[in-house]
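Source file target_1.json; content: JSON, C-alpha atoms and all ligand atoms.
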```json
[["chain", "number", "residue", "atom", "x", "y", "z"],
["A", 1, "MET", "CA", 0.00, 0.00, 0.00],
["A", 2, "THR", "CA", 1.10, 3.55, -0.52],
["A", 3, "THR", "CA", 0.14, 6.44, 1.66],
["A", 4, "GLY", "CA", -1.55, 8.16, -1.25],
["A", 5, "SER", "CA", -4.95, 9.77, -1.11],
["A", 6, "SER", "CA", -6.75, 6.71, -2.51],
["A", 7, "VAL", "CA", -6.46, 4.93, 0.80],
["A", 8, "TYR", "CA", -6.80, 7.92, 3.03],
["A", 9, "PRO", "CA", -10.04, 7.55, 4.99],
["A", 10, "THR", "CA", -12.50, 10.23, 4.07],
["A", 11, "SER", "CA", -15.26, 9.39, 6.55],
["A", 12, "GLU", "CA", -15.54, 9.74, 10.29],
["A", 13, "ALA", "CA", -13.01, 6.92, 10.56],
["A", 14, "VAL", "CA", -10.54, 9.70, 11.17],
["A", 15, "LEU", "CA", -11.72, 12.47, 13.42],
["A", 16, "SER", "CA", -8.55, 14.37, 12.97],
["A", 17, "SER", "CA", -5.16, 13.78, 11.57],
["A", 18, "VAL", "CA", -1.78, 15.35, 11.24],
["A", 19, "ARG", "CA", -0.03, 14.88, 7.93],
["A", 20, "ALA", "CA", 3.68, 14.59, 7.81],
["A", 21, "PRO", "CA", 5.42, 12.69, 5.05],
["A", 22, "VAL", "CA", 7.66, 9.75, 5.82],
["A", 23, "HIS", "CA", 11.09, 10.55, 4.45],
["A", 24, "ALA", "CA", 13.25, 8.02, 2.69],
["A", 25, "SER", "CA", 15.95, 8.74, 5.27],
["A", 26, "ASP", "CA", 13.73, 7.08, 7.90],
["A", 27, "LEU", "CA", 14.42, 3.79, 6.22],
["A", 28, "ALA", "CA", 18.11, 4.13, 6.96],
["A", 29, "GLN", "CA", 17.53, 4.32, 10.72],
["A", 30, "GLU", "CA", 17.86, 1.45, 13.14],
["A", 31, "ALA", "CA", 15.55, -1.41, 12.32],
["A", 32, "CYS", "CA", 14.05, -1.64, 15.78],
["A", 33, "ALA", "CA", 12.83, 1.27, 17.86],
["A", 34, "ALA", "CA", 10.62, 1.46, 20.91],
["A", 35, "LEU", "CA", 8.84, 3.91, 23.14],
["A", 36, "MET", "CA", 8.85, 3.46, 26.89],
["A", 37, "VAL", "CA", 7.00, 5.53, 29.49],
["A", 38, "ARG", "CA", 8.75, 6.23, 32.80],
["A", 39, "PRO", "CA", 7.26, 4.25, 35.69],
["A", 40, "ASP", "CA", 6.91, 7.33, 37.93],
["A", 41, "GLN", "CA", 3.12, 7.07, 38.13],
["A", 42, "PHE", "CA", 2.83, 3.31, 38.07],
["A", 43, "ASP", "CA", 0.53, 1.80, 40.67],
["A", 44, "VAL", "CA", -2.46, -0.51, 40.99],
["A", 45, "ALA", "CA", -5.21, 1.73, 42.26],
["A", 46, "TYR", "CA", -8.25, 0.25, 40.46],
["A", 47, "SER", "CA", -9.12, -3.05, 38.89],
["A", 48, "ILE", "CA", -9.83, -3.38, 35.17],
["A", 49, "ASN", "CA", -8.48, -6.89, 34.63],
["A", 50, "PRO", "CA", -8.34, -10.06, 36.73],
["A", 51, "TRP", "CA", -4.69, -9.48, 37.70],
["A", 52, "MET", "CA", -5.39, -6.20, 39.46],
["A", 53, "THR", "CA", -6.62, -7.47, 42.81],
["A", 54, "MET", "CA", -5.32, -4.77, 45.16],
["A", 55, "HIS", "CA", -4.20, -7.55, 47.53],
["A", 56, "HIS", "CA", -0.59, -7.19, 46.46],
["A", 57, "PRO", "CA", 0.46, -3.55, 46.66],
["A", 58, "VAL", "CA", 3.05, -2.42, 44.16],
["A", 59, "ASP", "CA", 6.57, -1.92, 45.46],
["A", 60, "ARG", "CA", 7.36, 1.22, 43.51],
["A", 61, "ASP", "CA", 11.11, 1.10, 44.07],
["A", 62, "ARG", "CA", 11.23, -2.45, 42.77],
["A", 63, "ALA", "CA", 9.07, -1.47, 39.82],
["A", 64, "ARG", "CA", 11.46, 1.33, 38.97],
["A", 65, "THR", "CA", 14.44, -1.02, 39.22],
["A", 66, "GLN", "CA", 12.73, -3.61, 36.99],
["A", 67, "TRP", "CA", 11.85, -0.94, 34.46],
["A", 68, "ASN", "CA", 15.46, 0.36, 34.48],
["A", 69, "HIS", "CA", 16.78, -3.14, 33.85],
["A", 70, "LEU", "CA", 14.50, -3.52, 30.85],
["A", 71, "TYR", "CA", 15.52, -0.11, 29.53],
["A", 72, "THR", "CA", 19.22, -1.00, 29.89],
["A", 73, "LYS", "CA", 18.74, -4.40, 28.28],
["A", 74, "LEU", "CA", 16.92, -3.00, 25.25],
["A", 75, "VAL", "CA", 19.51, -0.27, 24.77],
["A", 76, "GLY", "CA", 22.22, -2.93, 25.03],
["A", 77, "LEU", "CA", 20.48, -4.92, 22.30],
["A", 78, "GLY", "CA", 20.62, -1.89, 20.04],
["A", 79, "VAL", "CA", 16.98, -0.83, 20.27],
["A", 80, "GLN", "CA", 16.55, 2.86, 19.54],
["A", 81, "LEU", "CA", 14.61, 3.88, 22.64],
["A", 82, "HIS", "CA", 12.44, 6.92, 23.21],
["A", 83, "VAL", "CA", 11.23, 7.67, 26.72],
["A", 84, "ILE", "CA", 8.40, 9.95, 27.75],
["A", 85, "ASP", "CA", 6.87, 10.97, 31.07],
["A", 86, "PRO", "CA", 3.42, 9.75, 32.06],
["A", 87, "GLY", "CA", 0.61, 12.16, 32.75],
["A", 88, "PRO", "CA", -0.30, 12.75, 36.41],
["A", 89, "GLY", "CA", -2.44, 10.00, 37.90],
["A", 90, "LEU", "CA", -2.11, 7.80, 34.80],
["A", 91, "TYR", "CA", -1.01, 4.70, 36.66],
["A", 92, "ASP", "CA", -1.17, 2.41, 33.63],
["A", 93, "MET", "CA", 0.51, 4.68, 31.10],
["A", 94, "VAL", "CA", 3.77, 2.82, 31.72],
["A", 95, "PHE", "CA", 2.29, 0.10, 29.48],
["A", 96, "ALA", "CA", 3.41, 1.78, 26.29],
["A", 97, "ALA", "CA", 2.39, -1.15, 24.06],
["A", 98, "ASN", "CA", -1.12, 0.24, 24.48],
["A", 99, "ALA", "CA", -0.20, 3.54, 22.79],
["A", 100, "GLY", "CA", -1.55, 2.54, 19.40],
["A", 101, "MET", "CA", 0.04, 1.01, 16.32],
["A", 102, "ILE", "CA", 1.97, 2.21, 13.30],
["A", 103, "HIS", "CA", 1.58, 0.71, 9.87],
["A", 104, "ARG", "CA", 3.11, 2.12, 6.72],
["A", 105, "GLY", "CA", 3.73, 5.55, 8.11],
["A", 106, "ARG", "CA", 0.26, 5.91, 9.58],
["A", 107, "ALA", "CA", -0.10, 5.81, 13.35],
["A", 108, "VAL", "CA", -3.43, 5.05, 14.95],
["A", 109, "VAL", "CA", -3.82, 6.02, 18.57],
["A", 110, "SER", "CA", -5.67, 3.68, 20.94],
["A", 111, "ARG", "CA", -9.30, 4.01, 22.05],
["A", 112, "PHE", "CA", -9.22, 2.71, 25.61],
["A", 113, "ARG", "CA", -12.12, 0.74, 26.99],
["A", 114, "TYR", "CA", -11.86, 2.10, 30.52],
["A", 115, "ALA", "CA", -12.12, 5.72, 31.62],
["A", 116, "GLN", "CA", -9.09, 5.27, 33.87],
["A", 117, "ARG", "CA", -6.86, 4.99, 30.79],
["A", 118, "GLN", "CA", -8.56, 7.25, 28.29],
["A", 119, "GLN", "CA", -6.49, 10.35, 29.06],
["A", 120, "GLU", "CA", -3.34, 8.52, 28.02],
["A", 121, "THR", "CA", -4.43, 9.02, 24.43],
["A", 122, "ASP", "CA", -3.52, 12.72, 24.48],
["A", 123, "TYR", "CA", 0.05, 11.98, 25.48],
["A", 124, "PHE", "CA", 0.52, 9.19, 22.95],
["A", 125, "TRP", "CA", -1.11, 11.33, 20.28],
["A", 126, "GLN", "CA", 1.45, 14.06, 20.97],
["A", 127, "TRP", "CA", 4.30, 11.62, 20.78],
["A", 128, "PHE", "CA", 3.10, 10.19, 17.47],
["A", 129, "CYS", "CA", 2.79, 13.72, 16.13],
["A", 130, "HIS", "CA", 6.40, 14.41, 17.01],
["A", 131, "GLN", "CA", 7.49, 11.45, 14.94],
["A", 132, "GLU", "CA", 7.25, 11.95, 11.23],
["A", 133, "LEU", "CA", 3.94, 10.16, 11.05],
["A", 134, "GLU", "CA", 0.41, 10.75, 9.97],
["A", 135, "VAL", "CA", -1.73, 10.26, 13.10],
["A", 136, "CYS", "CA", -5.29, 8.94, 13.04],
["A", 137, "GLN", "CA", -7.97, 8.38, 15.64],
["A", 138, "LEU", "CA", -10.76, 5.80, 15.65],
["A", 139, "PRO", "CA", -14.41, 6.90, 15.81],
["A", 140, "SER", "CA", -16.37, 6.64, 19.05],
["A", 141, "GLY", "CA", -17.86, 3.21, 19.67],
["A", 142, "CYS", "CA", -14.55, 1.60, 18.80],
["A", 143, "PHE", "CA", -12.42, -0.05, 21.43],
["A", 144, "TRP", "CA", -8.88, -1.06, 20.66],
["A", 145, "GLU", "CA", -5.73, -0.85, 22.75],
["A", 146, "GLY", "CA", -3.02, -0.72, 20.16],
["A", 147, "GLN", "CA", -0.40, -3.27, 19.24],
["A", 148, "ALA", "CA", -1.29, -5.22, 22.39],
["A", 149, "CYS", "CA", -4.50, -6.32, 20.63],
["A", 150, "CYS", "CA", -3.43, -7.32, 17.13],
["A", 151, "THR", "CA", -0.49, -8.42, 15.05],
["A", 152, "PHE", "CA", 0.30, -9.23, 11.44],
["A", 153, "VAL", "CA", 0.43, -12.92, 10.56],
["A", 154, "ASP", "CA", 0.99, -14.24, 7.05],
["A", 155, "GLY", "CA", -0.56, -11.21, 5.36],
["A", 156, "TYR", "CA", -3.50, -11.06, 7.76],
["A", 157, "LEU", "CA", -4.14, -8.69, 10.60],
["A", 158, "LEU", "CA", -4.87, -11.03, 13.48],
["A", 159, "CYS", "CA", -7.50, -9.15, 15.46],
["A", 160, "SER", "CA", -8.25, -10.18, 19.03],
["A", 161, "LEU", "CA", -11.82, -9.62, 20.12],
["A", 162, "GLY", "CA", -12.88, -9.19, 23.69],
["A", 163, "GLU", "CA", -13.48, -6.54, 26.25],
["A", 164, "ARG", "CA", -10.61, -4.36, 25.03],
["A", 165, "ALA", "CA", -11.14, -4.52, 21.26],
["A", 166, "ASN", "CA", -14.19, -4.78, 18.99],
["A", 167, "ALA", "CA", -14.78, -5.54, 15.32],
["A", 168, "GLN", "CA", -15.86, -1.95, 14.66],
["A", 169, "ALA", "CA", -12.35, -0.82, 15.56],
["A", 170, "TYR", "CA", -10.72, -3.29, 13.21],
["A", 171, "LYS", "CA", -12.97, -2.24, 10.34],
["A", 172, "ALA", "CA", -11.88, 1.35, 10.92],
["A", 173, "LEU", "CA", -8.23, 0.27, 11.10],
["A", 174, "ALA", "CA", -8.60, -1.64, 7.84],
["A", 175, "SER", "CA", -9.95, 1.50, 6.24],
["A", 176, "ILE", "CA", -7.15, 3.67, 7.60],
["A", 177, "TRP", "CA", -4.41, 1.24, 6.60],
["A", 178, "GLY", "CA", -5.94, 0.13, 3.31],
["A", 179, "ILE", "CA", -6.25, -3.49, 4.39],
["A", 180, "PRO", "CA", -9.03, -5.47, 2.64],
["A", 181, "GLU", "CA", -11.54, -6.72, 5.21],
["A", 182, "ARG", "CA", -11.00, -10.30, 4.04],
["A", 183, "ARG", "CA", -7.47, -9.89, 5.40],
["A", 184, "LEU", "CA", -8.77, -9.40, 8.93],
["A", 185, "TYR", "CA", -8.84, -12.60, 10.96],
["A", 186, "TYR", "CA", -10.85, -12.32, 14.15],
["A", 187, "LEU", "CA", -9.61, -14.17, 17.18],
["A", 188, "PRO", "CA", -11.94, -14.19, 20.19],
["A", 189, "ILE", "CA", -10.22, -14.31, 23.55],
["A", 190, "LYS", "CA", -11.82, -16.96, 25.77],
["A", 191, "ASP", "CA", -9.94, -16.44, 29.00],
["A", 192, "SER", "CA", -10.11, -13.00, 30.61],
["A", 193, "ARG", "CA", -6.64, -13.37, 32.14],
["A", 194, "PHE", "CA", -5.39, -12.95, 28.56],
["A", 195, "TYR", "CA", -7.44, -9.82, 27.95],
["A", 196, "HIS", "CA", -4.75, -8.47, 25.60],
["A", 197, "LEU", "CA", -3.47, -10.62, 22.75],
["A", 198, "ASP", "CA", 0.14, -9.87, 23.65],
["A", 199, "ILE", "CA", -0.22, -11.89, 26.85],
["A", 200, "ALA", "CA", -1.12, -15.05, 24.93],
["A", 201, "LEU", "CA", 0.72, -14.72, 21.61],
["A", 202, "CYS", "CA", 4.06, -13.40, 20.48],
["A", 203, "MET", "CA", 5.36, -13.53, 16.93],
["A", 204, "LEU", "CA", 9.10, -14.19, 17.29],
["A", 205, "ASP", "CA", 9.57, -13.80, 13.55],
["A", 206, "ARG", "CA", 7.33, -14.18, 10.52],
["A", 207, "GLU", "CA", 7.36, -17.95, 10.80],
["A", 208, "THR", "CA", 7.59, -18.59, 14.53],
["A", 209, "CYS", "CA", 5.35, -17.77, 17.44],
["A", 210, "LEU", "CA", 4.98, -18.40, 21.13],
["A", 211, "VAL", "CA", 1.36, -19.08, 21.99],
["A", 212, "TYR", "CA", -0.85, -20.20, 24.84],
["A", 213, "PRO", "CA", -3.37, -22.21, 22.76],
["A", 214, "GLN", "CA", -6.14, -22.43, 25.35],
["A", 215, "ALA", "CA", -6.63, -18.68, 25.33],
["A", 216, "PHE", "CA", -8.45, -19.07, 21.99],
["A", 217, "PRO", "CA", -11.13, -21.31, 20.46],
["A", 218, "PHE", "CA", -9.57, -24.49, 19.10],
["A", 219, "GLU", "CA", -10.42, -23.75, 15.46],
["A", 220, "ASP", "CA", -8.61, -20.43, 15.73],
["A", 221, "TYR", "CA", -5.55, -22.10, 17.14],
["A", 222, "ARG", "CA", -5.71, -24.43, 14.13],
["A", 223, "TRP", "CA", -5.85, -21.39, 11.86],
["A", 224, "LEU", "CA", -2.73, -20.07, 13.53],
["A", 225, "GLN", "CA", -0.96, -23.38, 13.04],
["A", 226, "ALA", "CA", -1.88, -23.30, 9.37],
["A", 227, "HIS", "CA", -0.45, -19.79, 8.94],
["A", 228, "VAL", "CA", 2.65, -19.86, 11.14],
["A", 229, "ARG", "CA", 5.21, -22.51, 10.29],
["A", 230, "ARG", "CA", 6.48, -23.00, 13.84],
["A", 231, "THR", "CA", 4.13, -22.53, 16.76],
["A", 232, "ILE", "CA", 5.79, -22.99, 20.13],
["A", 233, "PRO", "CA", 3.02, -23.82, 22.59],
["A", 234, "VAL", "CA", 3.32, -22.50, 26.11],
["A", 235, "ASP", "CA", 1.65, -24.24, 29.06],
["A", 236, "LEU", "CA", -0.57, -22.48, 31.57],
["A", 237, "ALA", "CA", 2.17, -22.00, 34.17],
["A", 238, "ASP", "CA", 4.43, -20.30, 31.64],
["A", 239, "ALA", "CA", 1.55, -18.33, 30.18],
["A", 240, "LEU", "CA", 0.66, -16.99, 33.64],
["A", 241, "CYS", "CA", 4.31, -16.08, 34.01],
["A", 242, "PHE", "CA", 3.87, -13.77, 31.00],
["A", 243, "ALA", "CA", 6.09, -15.98, 28.83],
["A", 244, "CYS", "CA", 4.29, -14.80, 25.69],
["A", 245, "ASN", "CA", 4.71, -11.16, 26.66],
["A", 246, "ALA", "CA", 8.18, -11.05, 25.18],
["A", 247, "PHE", "CA", 10.15, -8.40, 23.33],
["A", 248, "VAL", "CA", 12.20, -9.86, 20.50],
["A", 249, "VAL", "CA", 15.32, -8.27, 19.07],
["A", 250, "ASP", "CA", 16.77, -10.33, 16.26],
["A", 251, "HIS", "CA", 17.42, -13.70, 17.91],
["A", 252, "THR", "CA", 17.15, -12.57, 21.49],
["A", 253, "VAL", "CA", 13.87, -13.04, 23.30],
["A", 254, "VAL", "CA", 13.59, -10.73, 26.29],
["A", 255, "LEU", "CA", 11.08, -12.30, 28.65],
["A", 256, "ASN", "CA", 10.19, -12.90, 32.24],
["A", 257, "VAL", "CA", 12.66, -14.62, 34.51],
["A", 258, "GLY", "CA", 10.26, -17.24, 35.86],
["A", 259, "ILE", "CA", 9.73, -19.25, 32.66],
["A", 260, "SER", "CA", 10.29, -22.99, 32.71],
["A", 261, "GLU", "CA", 13.47, -24.73, 31.67],
["A", 262, "ARG", "CA", 11.40, -26.67, 29.14],
["A", 263, "LEU", "CA", 10.23, -23.54, 27.36],
["A", 264, "GLU", "CA", 13.71, -22.09, 27.35],
["A", 265, "GLN", "CA", 15.00, -25.28, 25.72],
["A", 266, "ARG", "CA", 12.32, -24.97, 23.06],
["A", 267, "LEU", "CA", 13.42, -21.44, 22.33],
["A", 268, "PHE", "CA", 17.05, -22.54, 22.06],
["A", 269, "ALA", "CA", 16.01, -25.35, 19.71],
["A", 270, "ALA", "CA", 14.24, -22.79, 17.52],
["A", 271, "GLY", "CA", 17.48, -20.79, 17.29],
["A", 272, "TYR", "CA", 16.75, -18.13, 19.90],
["A", 273, "GLU", "CA", 18.60, -17.02, 22.96],
["A", 274, "THR", "CA", 16.87, -15.65, 26.02],
["A", 275, "ALA", "CA", 17.42, -12.60, 28.18],
["A", 276, "LYS", "CA", 15.43, -13.06, 31.36],
["A", 277, "LEU", "CA", 14.33, -10.12, 33.45],
["A", 278, "ASP", "CA", 12.08, -9.74, 36.44],
["A", 279, "ALA", "CA", 8.88, -7.84, 35.67],
["A", 280, "SER", "CA", 6.91, -9.14, 38.63],
["A", 281, "GLU", "CA", 5.79, -5.73, 39.91],
["A", 282, "PHE", "CA", 4.10, -5.07, 36.59],
["A", 283, "HIS", "CA", 2.39, -8.47, 36.63],
["A", 284, "LYS", "CA", 0.33, -7.13, 39.54],
["A", 285, "SER", "CA", -1.28, -4.83, 37.01],
["A", 286, "GLY", "CA", -1.65, -7.50, 34.32],
["A", 287, "GLY", "CA", 1.34, -6.41, 32.26],
["A", 288, "GLY", "CA", 4.78, -7.77, 31.49],
["A", 289, "ILE", "CA", 7.91, -6.98, 29.53],
["A", 290, "LYS", "CA", 6.35, -6.52, 26.11],
["A", 291, "CYS", "CA", 3.63, -4.28, 27.53],
["A", 292, "LEU", "CA", 6.29, -1.86, 28.75],
["A", 293, "ALA", "CA", 7.68, -1.11, 25.30],
["A", 294, "PHE", "CA", 5.80, 0.10, 22.24],
["A", 295, "ARG", "CA", 7.73, -1.44, 19.40],
["A", 296, "TYR", "CA", 7.96, 0.00, 15.94],
["A", 297, "GLN", "CA", 10.26, 0.13, 13.00],
["A", 298, "PRO", "CA", 11.26, 3.52, 11.72],
["A", 299, "GLY", "CA", 9.82, 3.79, 8.25],
["A", 300, "GLU", "CA", 7.19, 1.06, 8.76],
["B", 401, "LIG", "N1", -3.33, -2.54, 33.90],
["B", 401, "LIG", "C1", -3.23, -2.44, 32.50],
["B", 401, "LIG", "C2", -4.60, -2.61, 31.86],
["B", 401, "LIG", "O1", -5.36, -3.40, 32.33],
["B", 401, "LIG", "C3", -2.24, -3.42, 31.95],
["B", 401, "LIG", "C4", -1.97, -3.26, 30.49],
["B", 401, "LIG", "C5", -1.11, -4.33, 29.93],
["B", 401, "LIG", "N2", -0.71, -4.03, 28.62],
["B", 401, "LIG", "C6", -0.51, -4.92, 27.62],
["B", 401, "LIG", "N3", 0.07, -4.50, 26.54],
["B", 401, "LIG", "N4", -0.97, -6.15, 27.69],
["B", 401, "LIG", "O2", -4.95, -1.98, 30.93]]
```

Can the structure from this file be put into structure tokens for me?
Ligand code: ARG
Amino acid sequence: MTTGSSVYPTSEAVLSSVRAPVHASDLAQEACAALMVRPDQFDVAYSINPWMTMHHPVDRDRARTQWNHLYTKLVGLGVQLHVIDPGPGLYDMVFAANAGMIHRGRAVVSRFRYAQRQQETDYFWQWFCHQELEVCQLPSGCFWEGQACCTFVDGYLLCSLGERANAQAYKALASIWGIPERRLYYLPIKDSRFYHLDIALCMLDRETCLVYPQAFPFEDYRWLQAHVRRTIPVDLADALCFACNAFVVDHTVVLNVGISERLEQRLFAAGYETAKLDASEFHKSGGGIKCLAFRYQPGE
């Protein structure tokens, strides 16, 4: 697709937008970039997913240390990192993977399901505007929480459906990004502990994924197996340890320290190495390593 006017949404699919051309020089930048949000506001002060019980208060010093370790690791792996401050009282803004998603130079900012997160949009909108990107917003009635909810698989946009994302949002995204609707594959989430797709599925590369199969209807897992050459299934214990919530840089999978030996061996056998970090303070809020970094490729 090009970013020409033929695919530019003309209806209310875009309430507002900022046009800025993607320059060819973008393509020469580092292949992997990410946005992180400082953990200064992070806390669990309400419950919008089954992980947020309030019984285990966040240790904010530990959270900051864990966040710093992730930051240092990603920088060490050559990720071009941007860091922004969270807005006041936005406890969950640290989960930058919920900022939105960029595809072919066009950023779409999230439409959060819960009021507690909706103000984050303004900050992420600003950040997208400062990148050389065209920024779009979804119409009201849509729910979608960014790259945490969907991913590209074999030419399809794999669209998780559940409390945090609805079909209306994906139809609007398809319009914005010029994706034919037949290239949307809907994947209902069965288990509310995996309320975001990125807790149950991680594409390690175009042909390999980590997945907790029971999060989805069986026929959808079969679809995934038909479209991804190597699916590495994760058991419940590893899934609840946020094993699928991994950040991949080339052949290094950055993931939570508590994963099983068995899973690690499977990753080695698939040609990956692991970098294990503790993200346990963020698990109290239902987020892990991948949630803390919005990943994008300059020029994508
Ligand atoms: N407490 C946050 C929420 O429920 C956690 C977000 C996790 N983010 C993610 N990319 N899965 O919205």

Selected residue, from A:Gln118, A:Ser175, A:Ser47, A:Ser285, that lies nearest to ligand LIG 401 (chain B) when counting all atoms listed in the file: A:Ser285

List all protein, DNA and RNA residues that have an atom no more than 8 Å from any atom of ligand LIG 401 (chain B), counting only C-alpha atoms and all ligand atoms, and report them as a PDB file with C-alpha atoms, in the coordinates of the input.
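Ended up saving to pocket.pdb:
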```pdb
ATOM      1  CA  VAL A  44      -2.460  -0.510  40.990  1.00  0.00           C
ATOM      2  CA  SER A  47      -9.120  -3.050  38.890  1.00  0.00           C
ATOM      3  CA  ILE A  48      -9.830  -3.380  35.170  1.00  0.00           C
ATOM      4  CA  ASN A  49      -8.480  -6.890  34.630  1.00  0.00           C
ATOM      5  CA  MET A  52      -5.390  -6.200  39.460  1.00  0.00           C
ATOM      6  CA  ASP A  92      -1.170   2.410  33.630  1.00  0.00           C
ATOM      7  CA  PHE A  95       2.290   0.100  29.480  1.00  0.00           C
ATOM      8  CA  ALA A  96       3.410   1.780  26.290  1.00  0.00           C
ATOM      9  CA  ALA A  97       2.390  -1.150  24.060  1.00  0.00           C
ATOM     10  CA  ASN A  98      -1.120   0.240  24.480  1.00  0.00           C
ATOM     11  CA  ARG A 117      -6.860   4.990  30.790  1.00  0.00           C
ATOM     12  CA  GLU A 145      -5.730  -0.850  22.750  1.00  0.00           C
ATOM     13  CA  GLN A 147      -0.400  -3.270  19.240  1.00  0.00           C
ATOM     14  CA  ALA A 148      -1.290  -5.220  22.390  1.00  0.00           C
ATOM     15  CA  CYS A 149      -4.500  -6.320  20.630  1.00  0.00           C
ATOM     16  CA  TYR A 195      -7.440  -9.820  27.950  1.00  0.00           C
ATOM     17  CA  HIS A 196      -4.750  -8.470  25.600  1.00  0.00           C
ATOM     18  CA  LEU A 197      -3.470 -10.620  22.750  1.00  0.00           C
ATOM     19  CA  ASP A 198       0.140  -9.870  23.650  1.00  0.00           C
ATOM     20  CA  ILE A 199      -0.220 -11.890  26.850  1.00  0.00           C
ATOM     21  CA  ASN A 245       4.710 -11.160  26.660  1.00  0.00           C
ATOM     22  CA  SER A 285      -1.280  -4.830  37.010  1.00  0.00           C
ATOM     23  CA  GLY A 286      -1.650  -7.500  34.320  1.00  0.00           C
ATOM     24  CA  GLY A 287       1.340  -6.410  32.260  1.00  0.00           C
ATOM     25  CA  GLY A 288       4.780  -7.770  31.490  1.00  0.00           C
ATOM     26  CA  LYS A 290       6.350  -6.520  26.110  1.00  0.00           C
ATOM     27  CA  CYS A 291       3.630  -4.280  27.530  1.00  0.00           C
ATOM     28  CA  LEU A 292       6.290  -1.860  28.750  1.00  0.00           C
TER      29      LEU A 292
END
```

What box, with edges along x, y and z, holds each listed atom of segment 92-108 of chain A when 8 Å is added on every side, and can you state its centre and edge lengths in Å to one decimal, as lines of an AutoDock Vina configuration file?
```
center_x = 0.2
center_y = 2.4
center_z = 20.2
size_x = 23.2
size_y = 23.1
size_z = 42.9
```

Selection: 12 Å around Gly155 of chain A, all atoms listed in the file, excl. self and same-chain fewer than 5 positions, as a PyMOL selection string: chain A and resi 179-185+206-207+227-228

Selected residue of minimal separation from Gly87 of chain A among A:Ala293, A:Val108, A:Cys142, A:Val37, counting all atoms listed in the file: A:Val37

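When atom CA of Tyr170 of chain A is paired with atom CA of Val83 of chain A, their separation reads 28.0 Å.
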
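Remark: for Thr121 of chain A, the closest of the candidate residues A:Arg266, A:Cys136, A:Val234, A:Ala99 is A:Ala99 (distances computed over all atoms listed in the file).
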
Shell of 10 Å around segment 64-79 of chain A, all atoms listed in the file, local chain residues under 2 positions omitted, as a count of residues only: 41

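Distance check against Ser160 of chain A using only C-alpha atoms: of A:Pro213, A:Pro139, A:Pro188, A:Gly178, the minimum falls on A:Pro188.
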
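In this comparison, which uses only C-alpha atoms, the residue of A:Ser110, A:Ser192, A:Asn256, A:Thr274 approaching Asp122 of chain A most closely is A:Ser110.
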
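Distance-wise, atom CA of Pro50 of chain A and atom CA of Cys150 of chain A end up 20.4 Å apart.
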
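A straight line drawn from atom CA of Asp238 of chain A to atom CA of Arg262 of chain A is 9.8 Å long.
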
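Proximity to Glu163 of chain A was assessed for A:Tyr46, A:Phe194, A:Phe294, A:Phe242 counting only C-alpha atoms; the smallest distance is recorded for A:Phe194.
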
Nearby residues (only C-alpha atoms) at most 10 Å from Pro233 of chain A, same-chain spacing under 5 positions excluded, as a ChimeraX atom specification: /A:200-201,209-214,238-239,244,263,266

Answer as number ranges by chain, residues within 8 Å of (-8.1, 2.3, 29.3) using all atoms listed in the file: A: 111-118, 120, 145
